[in-house]
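> Here it is: the structure, laid out below.
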Amino acid sequence: MIPYFTKEQVSIALPYAKLIPALRLAFTQEVIAPKRHAHSLSDRDSSSLLLMPVWQPQGQLGVKLVTVAPKNTDMPTVQAVFVLFDTKTGTPLALMDGEELTLRRTAAASALASSYASRHDARHLLLVGNGSLAPHIAIAHCQTRAITDISIWGRSVDKSAGAAKIIREHTEFPAHIRVHIREDLAAACHEADIICCATTSKTPVVLSDYVKAGTHLDLVGGFKPDMREVDDELMSRATVFVDTYAGALAEAGDITQTLANGSLAKSAIVAELAELCADKHLGRKSNAEITLFKSVGTAIEDLCAANLVWRK
């Protein structure tokens, strides 16, 4: 029987204090991650199927199968399973809950990018979006910056309160950090040092006028060319980092649309995570700089996390 690792087992195996440095190392190693296959399942509700293969020549092979159903109300928008194989023999080793693996590796990658791109004195984190990813992002970022305050903004105050409760009760969350529910997005953005957007919006949510100099923006929600989380003017002000050039330049609407309309110069996209982790680019250059990390997800992160689960 092929073992199956549940959400709870994946969570236990992937504490952020362990996963973030593991990702930092993984981005410096030889990992082959072809562009993911994305298939639209329905024009009516924007549901999608994603297939993400990845392998190491001298290690493991994996494929993540992901469904995205934005209209879900009583179950997660994103659901997934990860299958791990031995690369040399092709033998299936394990199945594991792909949703928890995805949430944790996504949040860890954002925190890893923030360790290079946000100000070292960043203290106030704003979550734009209150879905299942929001608590993970909050907890992960506390590993790389000395966060004292976390604000949450979403279209539903009740959902924001629910996200705040999950954050406060999480075993990895430092008890001294204050958590706030915000209803004025512009004011919340202006107070924040780090703004993390985790939405599936097709129109900009965070506008340039909201954002002060020195802010770091973390965009993890939009994963298709028709999705946007920030406006053209904000993109034109930012120094941009991406998880991978291949993914961001093909799939991220905040990148592809602004490159096409001239708001973003290609030279403003200065590094991908592999270059940051290998010290080929040092990240933020000044405290006044607006930095932006755009993530669409890469299977490199999945295989790194899956290997940790398998070893655990």
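How things are named: the first chain in the structure tokens is A, the next is B, and so on; residues count from 1 in each chain; ligands count from 1 in the order shown.
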Taking the DSSP assignment computed from this structure's backbone, write out as a list in words all residues of stretch 162-277 of chain A that belong to strand (DSSP E).
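Going through stretch 162-277 of chain A, the strand (DSSP E) residues come out as Arg178, Val179, His180, Ile181, Arg182, Ile194, Ile195, Cys196, Cys197, His216, Leu217, Asp218, Leu219, Thr239, Val240, Phe241, Val242, Ile269, Val270, Ala271 and Glu272 of chain A.
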> Excluding A:Leu50 and any residue of its chain fewer than 6 positions from it, enumerate the residues within 9 Å of it, using only C-alpha atoms, and give them as a list in words.
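My list of contacting residues is Arg36, His37, Ala38, His39, Ser40, Lys64, Leu65, Val66, Thr67 and Val68 of chain A.
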> Could you dump the residues just selected with C-alpha atoms as a compact mmCIF listing (two decimals), in the first residue's frame?

```txt
# COMPACT_ATOMS: atom_id res chain seq x y z
CA ARG A 36 2.82 23.83 -15.23
CA HIS A 37 -0.14 22.72 -17.29
CA ALA A 38 -3.20 24.92 -16.68
CA HIS A 39 -6.61 23.95 -18.03
CA SER A 40 -9.83 25.94 -17.77
CA LYS A 64 0.85 17.93 -7.87
CA LEU A 65 -2.75 17.85 -9.10
CA VAL A 66 -4.67 21.01 -8.21
CA THR A 67 -8.25 22.14 -8.71
CA VAL A 68 -9.28 25.77 -8.28
```
> Which one of A:Ala33, A:Met1, A:Met75, A:Ala22 sits closest to A:Pro92 if you count only C-alpha atoms?
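Once distances to A:Pro92 are computed over only C-alpha atoms, the minimum belongs to A:Met1.
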> Contacts of stretch 208-212 of chain A at 12 Å or less, counting only C-alpha atoms, minus same-chain residues fewer than 4 places along, as a PyMOL selection string?
chain A and resi 126+184-195+204+216-217+229-238+287-292
> With a distance cut-off of 7 Å and only C-alpha atoms, select the neighbouring residues of A:Cys197, excluding the residue or stretch itself and same-chain residues fewer than 3 positions from it, and output the selection as a ChimeraX atom specification.
/A:127-129,218-221,229
> Next, write the just-selected residues to a file, as a JSON list (two decimals), in the first residue's frame, keeping N, CA, C and O atoms as the atom set.

```json
[["chain", "number", "residue", "atom", "x", "y", "z"],
["A", 127, "LEU", "N", -2.66, 41.86, 5.78],
["A", 127, "LEU", "CA", -3.19, 40.80, 4.93],
["A", 127, "LEU", "C", -4.38, 41.35, 4.16],
["A", 127, "LEU", "O", -5.37, 41.78, 4.76],
["A", 128, "VAL", "N", -4.29, 41.36, 2.83],
["A", 128, "VAL", "CA", -5.41, 41.76, 1.98],
["A", 128, "VAL", "C", -6.01, 40.47, 1.43],
["A", 128, "VAL", "O", -5.43, 39.82, 0.56],
["A", 129, "GLY", "N", -7.16, 40.11, 1.98],
["A", 129, "GLY", "CA", -7.74, 38.80, 1.72],
["A", 129, "GLY", "C", -7.77, 37.99, 3.00],
["A", 129, "GLY", "O", -6.82, 38.03, 3.78],
["A", 218, "ASP", "N", 3.62, 41.80, -1.38],
["A", 218, "ASP", "CA", 3.72, 40.37, -1.61],
["A", 218, "ASP", "C", 2.42, 39.94, -2.29],
["A", 218, "ASP", "O", 1.36, 39.96, -1.67],
["A", 219, "LEU", "N", 2.49, 39.60, -3.59],
["A", 219, "LEU", "CA", 1.29, 39.25, -4.35],
["A", 219, "LEU", "C", 1.28, 37.76, -4.63],
["A", 219, "LEU", "O", 2.07, 37.26, -5.42],
["A", 220, "VAL", "N", 0.39, 37.04, -3.97],
["A", 220, "VAL", "CA", 0.36, 35.58, -4.11],
["A", 220, "VAL", "C", -0.98, 35.06, -4.62],
["A", 220, "VAL", "O", -1.11, 33.86, -4.88],
["A", 221, "GLY", "N", -1.96, 35.92, -4.79],
["A", 221, "GLY", "CA", -3.29, 35.44, -5.15],
["A", 221, "GLY", "C", -3.48, 35.16, -6.62],
["A", 221, "GLY", "O", -3.89, 34.08, -7.02],
["A", 229, "GLU", "N", -4.01, 42.29, -8.75],
["A", 229, "GLU", "CA", -4.16, 42.66, -7.34],
["A", 229, "GLU", "C", -3.71, 44.09, -7.07],
["A", 229, "GLU", "O", -4.11, 44.69, -6.07]]
```
> Need the shell around A:Tyr4: protein/DNA/RNA residues with any atom at most 8 Å away, counting only C-alpha atoms. Skip same-chain ones fewer than 2 positions apart. Format as a PyMOL selection string?
chain A and resi 2+6+94-97
> Export all heavy atoms of the chosen residues as a compact mmCIF listing (two decimals), in the first residue's frame?

```txt
# COMPACT_ATOMS: atom_id res chain seq x y z
N ILE A 2 0.51 2.22 -0.84
CA ILE A 2 1.21 3.50 -0.85
C ILE A 2 0.70 4.33 0.34
O ILE A 2 -0.52 4.52 0.48
CB ILE A 2 0.94 4.25 -2.16
CG1 ILE A 2 1.41 3.44 -3.35
CG2 ILE A 2 1.64 5.61 -2.16
CD1 ILE A 2 0.99 4.01 -4.69
N THR A 6 -1.92 12.78 5.78
CA THR A 6 -3.07 13.66 5.92
C THR A 6 -2.65 15.12 6.10
O THR A 6 -1.46 15.44 6.27
CB THR A 6 -3.88 13.26 7.17
OG1 THR A 6 -3.07 13.50 8.34
CG2 THR A 6 -4.30 11.80 7.11
N ALA A 94 4.55 7.90 -2.02
CA ALA A 94 3.54 8.42 -1.09
C ALA A 94 2.56 9.33 -1.81
O ALA A 94 2.87 9.96 -2.82
CB ALA A 94 4.22 9.19 0.03
N LEU A 95 1.37 9.39 -1.25
CA LEU A 95 0.38 10.41 -1.56
C LEU A 95 0.30 11.32 -0.34
O LEU A 95 0.44 10.86 0.79
CB LEU A 95 -1.00 9.80 -1.83
CG LEU A 95 -1.16 8.90 -3.05
CD1 LEU A 95 -2.51 8.20 -2.99
CD2 LEU A 95 -1.04 9.72 -4.31
N MET A 96 0.06 12.61 -0.57
CA MET A 96 -0.08 13.50 0.58
C MET A 96 -1.06 14.62 0.27
O MET A 96 -1.30 14.96 -0.90
CB MET A 96 1.27 14.06 1.02
CG MET A 96 2.06 14.80 -0.01
SD MET A 96 3.76 15.15 0.58
CE MET A 96 4.51 13.52 0.52
N ASP A 97 -1.64 15.16 1.32
CA ASP A 97 -2.60 16.26 1.18
C ASP A 97 -1.91 17.44 0.50
O ASP A 97 -0.99 18.04 1.04
CB ASP A 97 -3.12 16.67 2.56
CG ASP A 97 -4.16 17.75 2.47
OD1 ASP A 97 -3.78 18.94 2.40
OD2 ASP A 97 -5.36 17.41 2.45
```
> Just the residues within 10 Å of A:Asp254, please, counting only C-alpha atoms, with nothing from its chain fewer than 2 positions along; format it as a list in words.
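The residues satisfying every condition are Lys202, Thr203, Pro204, Leu219, Gly222, Phe223, Lys224, Pro225, Asp226, Met227, Arg228, Glu229, Val230, Asp231, Asp232, Met235, Ala248, Leu249, Glu251, Ala252, Thr256, Gln257, Thr258, Leu259, Leu264 and Lys294 of chain A.
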> Would you please give, as a PDB file with N, CA and C atoms, in the first residue's frame, all residues of stretch 62-197 of chain A that DSSP assigns to helix (DSSP H, G or I) based on the backbone?

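Wrote it out as selection.pdb, contents follow:
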```
ATOM      1  N   GLY A  98      -2.359  17.768  -0.699  1.00  0.00           N
ATOM      2  CA  GLY A  98      -1.729  18.835  -1.459  1.00  0.00           C
ATOM      3  C   GLY A  98      -2.165  20.214  -1.056  1.00  0.00           C
ATOM      4  N   GLU A  99      -3.347  20.334  -0.436  1.00  0.00           N
ATOM      5  CA  GLU A  99      -3.823  21.655  -0.022  1.00  0.00           C
ATOM      6  C   GLU A  99      -2.946  22.228   1.089  1.00  0.00           C
ATOM      7  N   GLU A 100      -2.704  21.431   2.136  1.00  0.00           N
ATOM      8  CA  GLU A 100      -1.878  21.909   3.244  1.00  0.00           C
ATOM      9  C   GLU A 100      -0.449  22.136   2.772  1.00  0.00           C
ATOM     10  N   LEU A 101       0.052  21.243   1.931  1.00  0.00           N
ATOM     11  CA  LEU A 101       1.398  21.405   1.388  1.00  0.00           C
ATOM     12  C   LEU A 101       1.503  22.706   0.591  1.00  0.00           C
ATOM     13  N   THR A 102       0.469  22.998  -0.233  1.00  0.00           N
ATOM     14  CA  THR A 102       0.471  24.216  -1.043  1.00  0.00           C
ATOM     15  C   THR A 102       0.394  25.465  -0.183  1.00  0.00           C
ATOM     16  N   LEU A 103      -0.486  25.460   0.794  1.00  0.00           N
ATOM     17  CA  LEU A 103      -0.624  26.626   1.676  1.00  0.00           C
ATOM     18  C   LEU A 103       0.691  26.940   2.374  1.00  0.00           C
ATOM     19  N   ARG A 104       1.337  25.896   2.887  1.00  0.00           N
ATOM     20  CA  ARG A 104       2.561  26.107   3.660  1.00  0.00           C
ATOM     21  C   ARG A 104       3.737  26.499   2.765  1.00  0.00           C
ATOM     22  N   ARG A 105       3.899  25.850   1.628  1.00  0.00           N
ATOM     23  CA  ARG A 105       5.038  26.214   0.784  1.00  0.00           C
ATOM     24  C   ARG A 105       4.844  27.599   0.172  1.00  0.00           C
ATOM     25  N   THR A 106       3.579  27.990  -0.130  1.00  0.00           N
ATOM     26  CA  THR A 106       3.318  29.322  -0.671  1.00  0.00           C
ATOM     27  C   THR A 106       3.654  30.402   0.348  1.00  0.00           C
ATOM     28  N   ALA A 107       3.190  30.213   1.571  1.00  0.00           N
ATOM     29  CA  ALA A 107       3.479  31.182   2.628  1.00  0.00           C
ATOM     30  C   ALA A 107       4.965  31.246   2.933  1.00  0.00           C
ATOM     31  N   ALA A 108       5.622  30.086   2.945  1.00  0.00           N
ATOM     32  CA  ALA A 108       7.056  30.050   3.229  1.00  0.00           C
ATOM     33  C   ALA A 108       7.854  30.761   2.148  1.00  0.00           C
ATOM     34  N   ALA A 109       7.457  30.596   0.875  1.00  0.00           N
ATOM     35  CA  ALA A 109       8.151  31.282  -0.212  1.00  0.00           C
ATOM     36  C   ALA A 109       7.988  32.789  -0.103  1.00  0.00           C
ATOM     37  N   SER A 110       6.812  33.244   0.297  1.00  0.00           N
ATOM     38  CA  SER A 110       6.594  34.681   0.481  1.00  0.00           C
ATOM     39  C   SER A 110       7.462  35.231   1.603  1.00  0.00           C
ATOM     40  N   ALA A 111       7.536  34.497   2.694  1.00  0.00           N
ATOM     41  CA  ALA A 111       8.373  34.936   3.818  1.00  0.00           C
ATOM     42  C   ALA A 111       9.846  34.919   3.432  1.00  0.00           C
ATOM     43  N   LEU A 112      10.239  33.922   2.649  1.00  0.00           N
ATOM     44  CA  LEU A 112      11.615  33.848   2.161  1.00  0.00           C
ATOM     45  C   LEU A 112      11.933  35.063   1.294  1.00  0.00           C
ATOM     46  N   ALA A 113      11.051  35.413   0.366  1.00  0.00           N
ATOM     47  CA  ALA A 113      11.257  36.593  -0.472  1.00  0.00           C
ATOM     48  C   ALA A 113      11.306  37.862   0.361  1.00  0.00           C
ATOM     49  N   SER A 114      10.458  37.946   1.381  1.00  0.00           N
ATOM     50  CA  SER A 114      10.447  39.116   2.253  1.00  0.00           C
ATOM     51  C   SER A 114      11.767  39.291   2.986  1.00  0.00           C
ATOM     52  N   SER A 115      12.446  38.190   3.288  1.00  0.00           N
ATOM     53  CA  SER A 115      13.724  38.287   3.995  1.00  0.00           C
ATOM     54  C   SER A 115      14.773  39.014   3.158  1.00  0.00           C
ATOM     55  N   TYR A 116      14.564  39.074   1.851  1.00  0.00           N
ATOM     56  CA  TYR A 116      15.452  39.819   0.962  1.00  0.00           C
ATOM     57  C   TYR A 116      14.885  41.183   0.565  1.00  0.00           C
ATOM     58  N   ALA A 117      13.561  41.273   0.452  1.00  0.00           N
ATOM     59  CA  ALA A 117      12.959  42.442  -0.190  1.00  0.00           C
ATOM     60  C   ALA A 117      12.302  43.439   0.756  1.00  0.00           C
ATOM     61  N   LEU A 133      -5.393  30.939   2.941  1.00  0.00           N
ATOM     62  CA  LEU A 133      -3.967  31.219   2.874  1.00  0.00           C
ATOM     63  C   LEU A 133      -3.527  32.304   3.852  1.00  0.00           C
ATOM     64  N   ALA A 134      -4.424  33.223   4.197  1.00  0.00           N
ATOM     65  CA  ALA A 134      -4.062  34.391   5.001  1.00  0.00           C
ATOM     66  C   ALA A 134      -3.391  34.033   6.335  1.00  0.00           C
ATOM     67  N   PRO A 135      -3.934  33.120   7.148  1.00  0.00           N
ATOM     68  CA  PRO A 135      -3.247  32.798   8.409  1.00  0.00           C
ATOM     69  C   PRO A 135      -1.855  32.221   8.201  1.00  0.00           C
ATOM     70  N   HIS A 136      -1.686  31.422   7.171  1.00  0.00           N
ATOM     71  CA  HIS A 136      -0.373  30.846   6.892  1.00  0.00           C
ATOM     72  C   HIS A 136       0.647  31.936   6.544  1.00  0.00           C
ATOM     73  N   ILE A 137       0.224  32.886   5.724  1.00  0.00           N
ATOM     74  CA  ILE A 137       1.118  33.986   5.361  1.00  0.00           C
ATOM     75  C   ILE A 137       1.532  34.756   6.601  1.00  0.00           C
ATOM     76  N   ALA A 138       0.577  35.054   7.453  1.00  0.00           N
ATOM     77  CA  ALA A 138       0.871  35.816   8.666  1.00  0.00           C
ATOM     78  C   ALA A 138       1.907  35.105   9.525  1.00  0.00           C
ATOM     79  N   ILE A 139       1.696  33.831   9.761  1.00  0.00           N
ATOM     80  CA  ILE A 139       2.580  33.076  10.654  1.00  0.00           C
ATOM     81  C   ILE A 139       3.967  32.915  10.035  1.00  0.00           C
ATOM     82  N   ALA A 140       4.019  32.672   8.727  1.00  0.00           N
ATOM     83  CA  ALA A 140       5.313  32.510   8.060  1.00  0.00           C
ATOM     84  C   ALA A 140       6.133  33.796   8.108  1.00  0.00           C
ATOM     85  N   HIS A 141       5.503  34.929   7.872  1.00  0.00           N
ATOM     86  CA  HIS A 141       6.238  36.205   7.855  1.00  0.00           C
ATOM     87  C   HIS A 141       6.803  36.558   9.228  1.00  0.00           C
ATOM     88  N   VAL A 157     -16.166  41.191   7.000  1.00  0.00           N
ATOM     89  CA  VAL A 157     -15.586  41.410   8.329  1.00  0.00           C
ATOM     90  C   VAL A 157     -15.646  40.124   9.145  1.00  0.00           C
ATOM     91  N   ASP A 158     -16.703  39.357   8.972  1.00  0.00           N
ATOM     92  CA  ASP A 158     -16.832  38.101   9.714  1.00  0.00           C
ATOM     93  C   ASP A 158     -15.730  37.121   9.324  1.00  0.00           C
ATOM     94  N   LYS A 159     -15.424  37.034   8.033  1.00  0.00           N
ATOM     95  CA  LYS A 159     -14.347  36.148   7.593  1.00  0.00           C
ATOM     96  C   LYS A 159     -12.997  36.642   8.103  1.00  0.00           C
ATOM     97  N   SER A 160     -12.830  37.953   8.150  1.00  0.00           N
ATOM     98  CA  SER A 160     -11.580  38.503   8.696  1.00  0.00           C
ATOM     99  C   SER A 160     -11.440  38.141  10.168  1.00  0.00           C
ATOM    100  N   ALA A 161     -12.546  38.209  10.902  1.00  0.00           N
ATOM    101  CA  ALA A 161     -12.521  37.838  12.319  1.00  0.00           C
ATOM    102  C   ALA A 161     -12.192  36.352  12.474  1.00  0.00           C
ATOM    103  N   GLY A 162     -12.706  35.534  11.571  1.00  0.00           N
ATOM    104  CA  GLY A 162     -12.391  34.111  11.614  1.00  0.00           C
ATOM    105  C   GLY A 162     -10.922  33.848  11.342  1.00  0.00           C
ATOM    106  N   ALA A 163     -10.359  34.575  10.379  1.00  0.00           N
ATOM    107  CA  ALA A 163      -8.933  34.434  10.089  1.00  0.00           C
ATOM    108  C   ALA A 163      -8.088  34.877  11.276  1.00  0.00           C
ATOM    109  N   ALA A 164      -8.504  35.961  11.923  1.00  0.00           N
ATOM    110  CA  ALA A 164      -7.780  36.452  13.101  1.00  0.00           C
ATOM    111  C   ALA A 164      -7.786  35.422  14.222  1.00  0.00           C
ATOM    112  N   LYS A 165      -8.910  34.748  14.401  1.00  0.00           N
ATOM    113  CA  LYS A 165      -9.012  33.717  15.440  1.00  0.00           C
ATOM    114  C   LYS A 165      -8.063  32.554  15.155  1.00  0.00           C
ATOM    115  N   ILE A 166      -8.010  32.136  13.891  1.00  0.00           N
ATOM    116  CA  ILE A 166      -7.102  31.047  13.511  1.00  0.00           C
ATOM    117  C   ILE A 166      -5.658  31.442  13.785  1.00  0.00           C
ATOM    118  N   ILE A 167      -5.303  32.673  13.429  1.00  0.00           N
ATOM    119  CA  ILE A 167      -3.931  33.155  13.646  1.00  0.00           C
ATOM    120  C   ILE A 167      -3.582  33.143  15.129  1.00  0.00           C
ATOM    121  N   ARG A 168      -4.451  33.716  15.953  1.00  0.00           N
ATOM    122  CA  ARG A 168      -4.177  33.830  17.392  1.00  0.00           C
ATOM    123  C   ARG A 168      -4.035  32.467  18.056  1.00  0.00           C
ATOM    124  N   GLU A 169      -4.774  31.471  17.566  1.00  0.00           N
ATOM    125  CA  GLU A 169      -4.790  30.158  18.212  1.00  0.00           C
ATOM    126  C   GLU A 169      -3.755  29.200  17.637  1.00  0.00           C
ATOM    127  N   LEU A 185      -9.328  50.020   3.744  1.00  0.00           N
ATOM    128  CA  LEU A 185      -8.151  49.427   3.116  1.00  0.00           C
ATOM    129  C   LEU A 185      -7.066  50.460   2.860  1.00  0.00           C
ATOM    130  N   ALA A 186      -7.433  51.633   2.394  1.00  0.00           N
ATOM    131  CA  ALA A 186      -6.431  52.657   2.085  1.00  0.00           C
ATOM    132  C   ALA A 186      -5.631  53.029   3.333  1.00  0.00           C
ATOM    133  N   ALA A 187      -6.324  53.237   4.440  1.00  0.00           N
ATOM    134  CA  ALA A 187      -5.639  53.593   5.685  1.00  0.00           C
ATOM    135  C   ALA A 187      -4.763  52.443   6.174  1.00  0.00           C
ATOM    136  N   ALA A 188      -5.266  51.229   6.057  1.00  0.00           N
ATOM    137  CA  ALA A 188      -4.496  50.062   6.501  1.00  0.00           C
ATOM    138  C   ALA A 188      -3.226  49.911   5.677  1.00  0.00           C
ATOM    139  N   CYS A 189      -3.324  50.114   4.371  1.00  0.00           N
ATOM    140  CA  CYS A 189      -2.143  50.019   3.503  1.00  0.00           C
ATOM    141  C   CYS A 189      -1.112  51.068   3.869  1.00  0.00           C
ATOM    142  N   HIS A 190      -1.574  52.270   4.162  1.00  0.00           N
ATOM    143  CA  HIS A 190      -0.641  53.367   4.455  1.00  0.00           C
ATOM    144  C   HIS A 190       0.146  53.117   5.740  1.00  0.00           C
ATOM    145  N   GLU A 191      -0.438  52.362   6.672  1.00  0.00           N
ATOM    146  CA  GLU A 191       0.226  52.072   7.943  1.00  0.00           C
ATOM    147  C   GLU A 191       1.167  50.866   7.850  1.00  0.00           C
TER     148      GLU A 191
END
```
> Taking only C-alpha atoms into account, which of A:Leu14, A:Ile147, A:Arg155, A:Pro53 comes nearest A:His176?
A:Ile147
> Which residues are close to A:Asp45, i.e. within 12 Å by only C-alpha atoms, leaving aside same-chain residues fewer than 5 positions away? Reply as a PyMOL selection string.
chain A and resi 40+68-72+77
> With N, CA and C atoms retained, write the just-selected residues as a PDB file, in the first residue's frame.

```pdb
ATOM      1  N   SER A  40      -8.566  25.355 -18.214  1.00  0.00           N
ATOM      2  CA  SER A  40      -9.830  25.939 -17.768  1.00  0.00           C
ATOM      3  C   SER A  40     -10.927  24.892 -17.856  1.00  0.00           C
ATOM      4  N   VAL A  68      -8.959  24.441  -8.798  1.00  0.00           N
ATOM      5  CA  VAL A  68      -9.280  25.774  -8.277  1.00  0.00           C
ATOM      6  C   VAL A  68     -10.733  26.067  -8.627  1.00  0.00           C
ATOM      7  N   ALA A  69     -11.557  26.260  -7.610  1.00  0.00           N
ATOM      8  CA  ALA A  69     -12.988  26.501  -7.808  1.00  0.00           C
ATOM      9  C   ALA A  69     -13.384  27.766  -7.042  1.00  0.00           C
ATOM     10  N   PRO A  70     -13.253  28.949  -7.672  1.00  0.00           N
ATOM     11  CA  PRO A  70     -13.482  30.217  -6.965  1.00  0.00           C
ATOM     12  C   PRO A  70     -14.880  30.381  -6.383  1.00  0.00           C
ATOM     13  N   LYS A  71     -15.857  29.643  -6.915  1.00  0.00           N
ATOM     14  CA  LYS A  71     -17.236  29.799  -6.437  1.00  0.00           C
ATOM     15  C   LYS A  71     -17.522  28.965  -5.184  1.00  0.00           C
ATOM     16  N   ASN A  72     -16.576  28.159  -4.737  1.00  0.00           N
ATOM     17  CA  ASN A  72     -16.809  27.355  -3.531  1.00  0.00           C
ATOM     18  C   ASN A  72     -17.091  28.249  -2.335  1.00  0.00           C
ATOM     19  N   THR A  77     -11.322  26.856  -1.800  1.00  0.00           N
ATOM     20  CA  THR A  77     -11.241  27.228  -3.212  1.00  0.00           C
ATOM     21  C   THR A  77     -10.236  26.353  -3.940  1.00  0.00           C
TER      22      THR A  77
END
```
> Tell me, in Å to one decimal, how far atom CA of A:Asp149 is from atom CA of A:Asp121.
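If I compute the distance from atom CA of A:Asp149 to atom CA of A:Asp121, I get 12.7 Å.
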> Would you mind reading off the distance between atom CA of A:Ala305 and atom CA of A:Leu23, one decimal, in Å?
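Separation between atom CA of A:Ala305 and atom CA of A:Leu23: 7.9 Å.
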> Which residue out of A:Thr28, A:Ser48, A:Asn261, A:Thr298 has the minimum interatomic distance to A:Val242 when only C-alpha atoms are used?
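Among the listed residues, A:Thr298 lies closest to A:Val242.
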